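Visitor: I'd like to ask you about the structure that follows.
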Number of protein chains: 2
Amino acid sequence: MPRLCLNKVMSETPAPVRAYAALSQGSTPEPWQYEPRMPRADDVSIEILYCGVCHSDIHFVYDDWGISEYPVVPGHEIIGRVSAAGPDAGRFKVGDLVGVGCVVDSCRDCKTCEKGLEQYCTGGVWTYGSIDRHDGKPTYGGYSERVLVSERFVLKIPDALEPKSAAPLLCAGITTYSPLKHVGVKPGDKVGVIGMGGLGHMGIKFAKAMGAEVTLFTRSISKVEEGKRHGVDHVVISTDEAQMEAAAGSLDYILDTVPVEHDFNPYVNCLAVDGTLIVVGQLTPIEPALSAFGLILGRRSIMGSAVGGIPETQEMLDFCAEKGIACDIEMIQMQEIGAAYERMQKGDVRYRFVIDLESL
Amino acid sequence: MPRLCLNKVMSETPAPVRAYAALSQGSTPEPWQYEPRMPRADDVSIEILYCGVCHSDIHFVYDDWGISEYPVVPGHEIIGRVSAAGPDAGRFKVGDLVGVGCVVDSCRDCKTCEKGLEQYCTGGVWTYGSIDRHDGKPTYGGYSERVLVSERFVLKIPDALEPKSAAPLLCAGITTYSPLKHVGVKPGDKVGVIGMGGLGHMGIKFAKAMGAEVTLFTRSISKVEEGKRHGVDHVVISTDEAQMEAAAGSLDYILDTVPVEHDFNPYVNCLAVDGTLIVVGQLTPIEPALSAFGLILGRRSIMGSAVGGIPETQEMLDFCAEKGIACDIEMIQMQEIGAAYERMQKGDVRYRFVIDLESL
């Protein structure tokens with residue numbers, strides 16, 4: 001396929017982008033269109049094929065974090081094909097299957113960016129709900145026909161991955177892979193995973209693929225069999241005090257994917273000496289109060305982690321291709337997004353909705 | 001000096017031990033005596049010269065942790081001379097200058113003990129306020145004329161250290177050295193220390209000796225000059241919001257030595273990406289609620305740490321000898337313990353009281 005350079009596009013007024021947007025707080029995303037920003041020399045233009053639906057999308061639509069500016073076009077688990085590339089975007093050619101996750105820009109020259117941890121750059125730009133660093137326009141996400149992204153923030157999707165089930169890897173995948181990799185999970189380590197939703201089921205798959213012995217913590221007896229299908233070695237029903245007590249002091253790491261407020265202390269108690277509880281789900285303050293004593297008596301840690309940097313996201317995609325790891329998904333049409341949100345709010349999805357953008 | 005073997009002692013009823021004990025909750029320690037446990041083959045008998053006074057002593061006297069059994073003989077910063085050694089206590093000879101810290105026994109064969117982390121062994125025995133593993137008798141601390149301790153838990157005091165100012169190294173010293181060593185503080189790292197009491201001033205000295213650039217957080221402007229005397233590079237007045245904001249995101253590690261409830265969040269905000277807040281002072285639950293968001297956005301951690309293991313305590317003593325590090329102390333007589341507690345409760349000690357046991 002010929003390389004369509006963005007040079008030409010850059011000299012023209014870009015065509016409006018068709019999308020689905022929440023026009024006001026809590027309103028179901030509906031058809032809308034916006035004028036895209038002007039393309040830049042290092043941009044890749046991507047025709048979107050699939051977009052995963054993340055809980056953050058709902059938080060943004062409802063302004064749960066008090067930072068939403070409407071209209072909101074959610075979506076940061078984007079899979080698409082390159083339709084054009086700027087003169088400085090030499091890593092990609094037209095037709096390449098690519099992905100875009102949660103971050104589309106950063107300052108690019110701080111210590112954090114140098115380490116490939118763009119998600120922690122104080123000048124970071126999120127895929128939606130942020131402000132572009134250059135022209136001050138809002139960023140809009142993947143519930144849309146196309147997107148312009150600087151090539152530094154574009155991922156190559158390995159051939160071995162099925163495109164639609166790869167979409168949630170760009171957030172649910174990297175959010176769980178990154179901290180497990182960072183703390184150095186290795187064969188023989190004992191890893192707990194709290195919750196088995198979009199993030200949790202990926203955490204289980206990654207921890208198993210890294211060689212760990214995996215314990216699932218869940219409130220729901222109905223998830224025991226399914227957890228075993230995903231490869232968990234043990235299941236602890238977290239509402240059962242005797243089971244929790246039996247797990248005391250046993251785990252090297254616990255990946256806590258629960259997105260709502262919950263008591264961390266019973267899980268800290270399940271950590272071995274030098275164990276770490278990794279928080280990736282809950283963004284609200286930690287209540288009831290965390291026991292300092294529980295941390296001190298065992299040199300235990302609580303660590304937070306947000307998605308992952310761009311180099312690590314590429315590494316995760318390649319790891320998934322090598323190990324045959326994918327997200328379990330349910331495909332939906334763009335028009336079904338309201339019903340999908342309702343089901344997600346009830347925890348009724350196994351494990352990620354993915355929008356087929358052909359339906360837009 | 002001839003080696004006086006405990007063999008002989010072991011066949012006799014041991015003489016009572018003169019000590020100072022809190023006889024009931026909150027009562028000032030006063031003269032008391034107890035029947036010591038029978039010596040064992042790996043025991044060292046130590047004539048106590050000096051004993052540091054730790055805040056934990058006061059907590060135990062007041063039963064602040066709800067675990068005190070009276071009489072309580074406090075004291076876990078013990079310096080003394082070996083007066084006898086059992087047949088299996090070959091590491092020591094009569095006359096050796098030795099130390100005993102917070103831990104006097106453990107199961108000795110769990111994974112934690114194997115790693116030399118006896119302080120985290122679930123079968124650990126504390127120097128006072130615990131129950132001996134073998135004969136079920138209470139343990140009594142260093143406000144006394146002598147103590148029997150298994151040689152595994154006895155430290156050699158290097159010749160280069162002044163005995164009395166070495167006493168607080170056994171708790172205040174190791175409590176701050178251990179986590180700084182564990183996280184791997186190295187030249188160029190930026191380390192914050194919250195509070196400049198017994199623990200804090202030692203944390204400053206260790207962090208400096210490890211090559212770090214050290215920031216002291218204190219509420220008290222009066223501590224600025226003194227902090228600089230201990231080697232701090234920067235002082236942040238923690239009640240000054242502008243100073244706290246200027247320190248945001250700047251520190252690799254923060255050692256939090258404050259023993260009373262305080263807000264952790266402003267300090268988490270001062271951590272750089274991948275930074276760790278190390279809690280060694282506060283044992284009560286963490287209130288106000290810790291921000292999970294603050295941890296997540298920067299992959300920050302909160303880690304607890306309790307004293308240190310025996311091999312690491314020896315390493316710390318040798319490090320102090322090599323680097324010329326000692327605790328700043330005020331000597332007191334045993335009879336002054338009540339007044340010392342009162343001054344400690346007002347924060348009026350620079351930086352550790354040490355009891356001269358000759359006064360007993």
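If you're wondering about the labels, chains in the structure tokens are A, B, ... by order shown, residues count from 1 in each chain, ligands from 1 in order shown.
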Report as a list in words all protein, DNA and RNA residues lying within 12 Å of Ile67 in chain B, evaluated on only C-alpha atoms, omitting residues in the same chain fewer than 3 positions from it.
Guide: Gln25, His59, Phe60, Val61, Tyr62, Asp63, Asp64, Tyr70, Val72, Tyr128, Gly129, Ser130 and Ile131 of chain B
Visitor: Next, dump the selected residues to file, keeping only N, CA, C and O atoms, as a PDB file, in the first residue's frame.
Guide:
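Result file follows (again.pdb):
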```pdb
ATOM      1  N   GLN B  25      -0.261  -0.086  85.602  1.00  0.00           N
ATOM      2  CA  GLN B  25      -0.403   0.783  84.433  1.00  0.00           C
ATOM      3  C   GLN B  25      -0.072   2.241  84.764  1.00  0.00           C
ATOM      4  O   GLN B  25      -0.687   2.840  85.642  1.00  0.00           O
ATOM      5  N   HIS B  59       5.230   3.667  76.164  1.00  0.00           N
ATOM      6  CA  HIS B  59       4.005   3.019  75.661  1.00  0.00           C
ATOM      7  C   HIS B  59       3.705   1.757  76.470  1.00  0.00           C
ATOM      8  O   HIS B  59       2.559   1.473  76.790  1.00  0.00           O
ATOM      9  N   PHE B  60       4.742   1.001  76.795  1.00  0.00           N
ATOM     10  CA  PHE B  60       4.535  -0.239  77.550  1.00  0.00           C
ATOM     11  C   PHE B  60       4.119   0.050  78.985  1.00  0.00           C
ATOM     12  O   PHE B  60       3.247  -0.621  79.538  1.00  0.00           O
ATOM     13  N   VAL B  61       4.751   1.045  79.587  1.00  0.00           N
ATOM     14  CA  VAL B  61       4.404   1.395  80.970  1.00  0.00           C
ATOM     15  C   VAL B  61       2.936   1.842  81.050  1.00  0.00           C
ATOM     16  O   VAL B  61       2.213   1.494  81.984  1.00  0.00           O
ATOM     17  N   TYR B  62       2.501   2.572  80.036  1.00  0.00           N
ATOM     18  CA  TYR B  62       1.115   3.075  80.019  1.00  0.00           C
ATOM     19  C   TYR B  62       0.141   2.088  79.366  1.00  0.00           C
ATOM     20  O   TYR B  62      -1.041   2.368  79.291  1.00  0.00           O
ATOM     21  N   ASP B  63       0.644   0.973  78.879  1.00  0.00           N
ATOM     22  CA  ASP B  63      -0.175  -0.021  78.169  1.00  0.00           C
ATOM     23  C   ASP B  63      -0.917   0.599  76.981  1.00  0.00           C
ATOM     24  O   ASP B  63      -2.083   0.285  76.724  1.00  0.00           O
ATOM     25  N   ASP B  64      -0.234   1.472  76.266  1.00  0.00           N
ATOM     26  CA  ASP B  64      -0.860   2.141  75.119  1.00  0.00           C
ATOM     27  C   ASP B  64      -1.258   1.162  74.021  1.00  0.00           C
ATOM     28  O   ASP B  64      -2.121   1.447  73.203  1.00  0.00           O
ATOM     29  N   TYR B  70       1.970  -6.514  83.855  1.00  0.00           N
ATOM     30  CA  TYR B  70       2.821  -5.912  84.895  1.00  0.00           C
ATOM     31  C   TYR B  70       3.322  -6.979  85.867  1.00  0.00           C
ATOM     32  O   TYR B  70       2.637  -7.992  86.046  1.00  0.00           O
ATOM     33  N   VAL B  72       6.312  -4.408  84.443  1.00  0.00           N
ATOM     34  CA  VAL B  72       7.049  -4.227  83.194  1.00  0.00           C
ATOM     35  C   VAL B  72       8.433  -3.672  83.537  1.00  0.00           C
ATOM     36  O   VAL B  72       8.536  -2.633  84.190  1.00  0.00           O
ATOM     37  N   TYR B 128      11.506  -7.172  76.231  1.00  0.00           N
ATOM     38  CA  TYR B 128      10.637  -7.100  77.423  1.00  0.00           C
ATOM     39  C   TYR B 128       9.188  -7.170  76.983  1.00  0.00           C
ATOM     40  O   TYR B 128       8.861  -6.867  75.834  1.00  0.00           O
ATOM     41  N   GLY B 129       8.341  -7.619  77.885  1.00  0.00           N
ATOM     42  CA  GLY B 129       6.909  -7.688  77.590  1.00  0.00           C
ATOM     43  C   GLY B 129       6.523  -8.867  76.722  1.00  0.00           C
ATOM     44  O   GLY B 129       5.406  -8.920  76.208  1.00  0.00           O
ATOM     45  N   SER B 130       7.444  -9.812  76.533  1.00  0.00           N
ATOM     46  CA  SER B 130       7.141 -11.025  75.772  1.00  0.00           C
ATOM     47  C   SER B 130       7.183 -12.225  76.709  1.00  0.00           C
ATOM     48  O   SER B 130       7.428 -12.073  77.911  1.00  0.00           O
ATOM     49  N   ILE B 131       6.950 -13.380  76.146  1.00  0.00           N
ATOM     50  CA  ILE B 131       7.039 -14.624  76.913  1.00  0.00           C
ATOM     51  C   ILE B 131       8.168 -15.459  76.326  1.00  0.00           C
ATOM     52  O   ILE B 131       8.223 -15.667  75.107  1.00  0.00           O
TER      53      ILE B 131
END
```
Visitor: Quick one: residues within 9 Å of range 274-284 of chain A, only C-alpha atoms, excluding same-chain residues fewer than 2 positions away - as a PyMOL selection string?
Guide: (chain A and resi 175-176+179-180+183+192+199+249-262+264+267-268+270-272+286-287+298-307) or (chain B and resi 290-296+301+303)
Visitor: Since we have the selection now, will you write its residues out, keeping N, CA and C atoms, as a tab-separated table (two decimals), in the first residue's frame?
Guide:
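Saved result, part.tsv, follows:
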```
chain	number	residue	atom	x	y	z
A	175	THR	N	-2.38	-2.07	32.64
A	175	THR	CA	-2.57	-1.67	34.04
A	175	THR	C	-2.21	-2.80	34.99
A	176	THR	N	-2.39	-4.03	34.56
A	176	THR	CA	-2.08	-5.17	35.41
A	176	THR	C	-0.68	-5.73	35.11
A	179	PRO	N	2.60	-3.26	36.81
A	179	PRO	CA	3.09	-3.39	38.19
A	179	PRO	C	3.64	-4.78	38.49
A	180	LEU	N	3.05	-5.82	37.88
A	180	LEU	CA	3.57	-7.18	38.12
A	180	LEU	C	4.99	-7.27	37.58
A	183	VAL	N	7.44	-4.99	39.88
A	183	VAL	CA	7.89	-5.59	41.15
A	183	VAL	C	8.69	-6.86	40.91
A	192	GLY	N	-1.54	-12.79	44.77
A	192	GLY	CA	-2.99	-12.72	44.93
A	192	GLY	C	-3.56	-11.69	43.98
A	199	LEU	N	-9.85	-5.94	34.70
A	199	LEU	CA	-8.46	-5.91	35.15
A	199	LEU	C	-8.06	-7.22	35.80
A	249	GLY	N	-0.38	-13.90	55.88
A	249	GLY	CA	1.08	-13.96	55.74
A	249	GLY	C	1.59	-14.78	54.58
A	250	SER	N	0.73	-15.10	53.61
A	250	SER	CA	1.13	-16.10	52.62
A	250	SER	C	1.56	-15.54	51.26
A	251	LEU	N	1.27	-14.29	50.96
A	251	LEU	CA	1.44	-13.84	49.56
A	251	LEU	C	2.56	-12.80	49.40
A	252	ASP	N	3.32	-12.95	48.34
A	252	ASP	CA	4.39	-11.99	48.06
A	252	ASP	C	3.85	-10.69	47.49
A	253	TYR	N	2.84	-10.81	46.66
A	253	TYR	CA	2.22	-9.63	46.05
A	253	TYR	C	0.72	-9.86	45.99
A	254	ILE	N	-0.02	-8.77	46.15
A	254	ILE	CA	-1.46	-8.84	45.92
A	254	ILE	C	-1.81	-7.68	44.99
A	255	LEU	N	-2.45	-8.02	43.87
A	255	LEU	CA	-2.88	-7.01	42.91
A	255	LEU	C	-4.34	-6.70	43.20
A	256	ASP	N	-4.60	-5.47	43.64
A	256	ASP	CA	-5.94	-5.09	44.07
A	256	ASP	C	-6.62	-4.31	42.95
A	257	THR	N	-7.55	-4.99	42.25
A	257	THR	CA	-8.19	-4.38	41.08
A	257	THR	C	-9.57	-3.82	41.37
A	258	VAL	N	-9.99	-3.88	42.65
A	258	VAL	CA	-11.35	-3.46	42.99
A	258	VAL	C	-11.48	-1.93	42.83
A	259	PRO	N	-12.46	-1.49	42.01
A	259	PRO	CA	-12.52	-0.05	41.72
A	259	PRO	C	-13.30	0.77	42.74
A	260	VAL	N	-13.91	0.12	43.72
A	260	VAL	CA	-14.70	0.88	44.70
A	260	VAL	C	-14.09	0.75	46.09
A	261	GLU	N	-14.49	1.65	46.99
A	261	GLU	CA	-13.92	1.69	48.34
A	261	GLU	C	-14.09	0.35	49.04
A	262	HIS	N	-13.01	-0.11	49.67
A	262	HIS	CA	-13.05	-1.38	50.40
A	262	HIS	C	-11.93	-1.38	51.43
A	264	PHE	N	-8.66	-2.33	53.05
A	264	PHE	CA	-7.39	-2.90	52.59
A	264	PHE	C	-6.76	-3.81	53.66
A	267	TYR	N	-6.36	-7.64	53.49
A	267	TYR	CA	-5.44	-8.08	52.44
A	267	TYR	C	-3.99	-7.84	52.86
A	268	VAL	N	-3.73	-6.71	53.53
A	268	VAL	CA	-2.37	-6.48	54.06
A	268	VAL	C	-1.99	-7.65	54.96
A	270	CYS	N	-2.74	-10.61	54.61
A	270	CYS	CA	-2.43	-11.80	53.80
A	270	CYS	C	-1.04	-11.71	53.17
A	271	LEU	N	-0.37	-10.57	53.30
A	271	LEU	CA	0.97	-10.42	52.72
A	271	LEU	C	2.01	-11.10	53.60
A	272	ALA	N	2.97	-11.73	52.96
A	272	ALA	CA	4.14	-12.26	53.66
A	272	ALA	C	5.05	-11.10	54.06
A	286	ILE	N	-8.30	5.83	51.07
A	286	ILE	CA	-8.29	4.48	51.64
A	286	ILE	C	-8.97	4.50	53.00
A	287	GLU	N	-10.20	4.03	53.02
A	287	GLU	CA	-10.99	3.93	54.25
A	287	GLU	C	-11.66	2.57	54.28
A	298	GLY	N	6.23	-6.60	59.40
A	298	GLY	CA	6.38	-7.45	58.23
A	298	GLY	C	6.98	-6.70	57.05
A	299	ARG	N	7.39	-5.45	57.30
A	299	ARG	CA	8.01	-4.63	56.25
A	299	ARG	C	7.18	-4.71	54.97
A	300	ARG	N	5.87	-4.57	55.14
A	300	ARG	CA	4.98	-4.65	53.99
A	300	ARG	C	4.80	-3.28	53.35
A	301	SER	N	4.43	-3.29	52.08
A	301	SER	CA	4.24	-2.05	51.34
A	301	SER	C	2.88	-2.02	50.67
A	302	ILE	N	2.42	-0.78	50.45
A	302	ILE	CA	1.29	-0.55	49.55
A	302	ILE	C	1.81	0.34	48.44
A	303	MET	N	1.63	-0.09	47.22
A	303	MET	CA	2.14	0.66	46.06
A	303	MET	C	1.00	0.95	45.11
A	304	GLY	N	0.94	2.14	44.59
A	304	GLY	CA	-0.03	2.44	43.54
A	304	GLY	C	0.62	2.28	42.18
A	305	SER	N	-0.20	2.08	41.16
A	305	SER	CA	0.35	1.98	39.80
A	305	SER	C	-0.71	2.39	38.80
A	306	ALA	N	-0.32	3.19	37.82
A	306	ALA	CA	-1.25	3.65	36.79
A	306	ALA	C	-0.79	3.17	35.42
A	307	VAL	N	-1.67	2.52	34.72
A	307	VAL	CA	-1.41	1.96	33.38
A	307	VAL	C	0.06	1.56	33.21
B	290	LEU	N	-5.58	7.91	53.67
B	290	LEU	CA	-4.52	7.99	52.69
B	290	LEU	C	-5.13	8.04	51.29
B	291	SER	N	-4.61	8.90	50.45
B	291	SER	CA	-5.11	9.01	49.08
B	291	SER	C	-4.54	7.91	48.20
B	292	ALA	N	-5.43	7.02	47.72
B	292	ALA	CA	-4.97	5.99	46.78
B	292	ALA	C	-4.50	6.66	45.49
B	293	PHE	N	-5.18	7.71	45.11
B	293	PHE	CA	-4.83	8.44	43.90
B	293	PHE	C	-3.39	8.96	43.97
B	294	GLY	N	-3.02	9.48	45.15
B	294	GLY	CA	-1.66	9.99	45.34
B	294	GLY	C	-0.61	8.91	45.17
B	295	LEU	N	-0.96	7.68	45.54
B	295	LEU	CA	-0.02	6.56	45.35
B	295	LEU	C	0.04	6.15	43.88
B	296	ILE	N	-1.17	6.08	43.27
B	296	ILE	CA	-1.27	5.57	41.89
B	296	ILE	C	-0.57	6.51	40.91
B	301	SER	N	4.95	4.34	46.90
B	301	SER	CA	4.70	3.29	47.89
B	301	SER	C	4.74	3.85	49.29
B	303	MET	N	5.76	2.03	52.87
B	303	MET	CA	6.33	0.79	53.41
B	303	MET	C	6.49	0.93	54.92
```
Visitor: Using only C-alpha atoms, pick whichever of B:Phe217, B:Tyr120, B:Tyr143, B:Phe353 has the shortest atom-to-atom distance to chain A.
Guide: B:Tyr120
Visitor: So that I can check the surroundings of range 53-56 of chain B, please list as a compact mmCIF listing (two decimals) with C-alpha atoms, in the first residue's frame every protein, DNA and RNA residue that reaches within 8 Å of it, counting only C-alpha atoms and ignoring chain neighbours fewer than 3 positions away.
Guide:
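Below is the file part.txt, written as the result:
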```txt
# COMPACT_ATOMS: atom_id res chain seq x y z
CA HIS B 59 4.01 3.02 75.66
CA PHE B 60 4.54 -0.24 77.55
CA GLY B 75 14.62 -1.16 78.15
CA HIS B 76 15.78 -2.57 74.83
CA GLU B 77 18.84 -0.49 74.09
CA PRO B 168 20.40 3.88 71.41
CA CYS B 171 16.72 0.55 68.62
CA ALA B 172 16.72 4.15 67.34
CA MET B 344 10.18 12.86 76.64
CA ARG B 352 17.99 10.07 73.74
CA PHE B 353 18.20 9.54 77.48
CA VAL B 354 20.62 6.82 78.47
CA ILE B 355 20.52 5.32 81.96
```
Visitor: Could you find all residues in range 174-334 of chain A that DSSP calls alpha helix (DSSP H) from the backbone, and write them as a count of residues only?
Guide: 58
Visitor: Restricting the calculation to only C-alpha atoms, which member of B:Asp233, B:Glu118, B:Glu145, B:Asp189 is positioned closest to chain A?
Guide: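 Comparing B:Asp233, B:Glu118, B:Glu145, B:Asp189 against chain A, the winner is B:Glu118.
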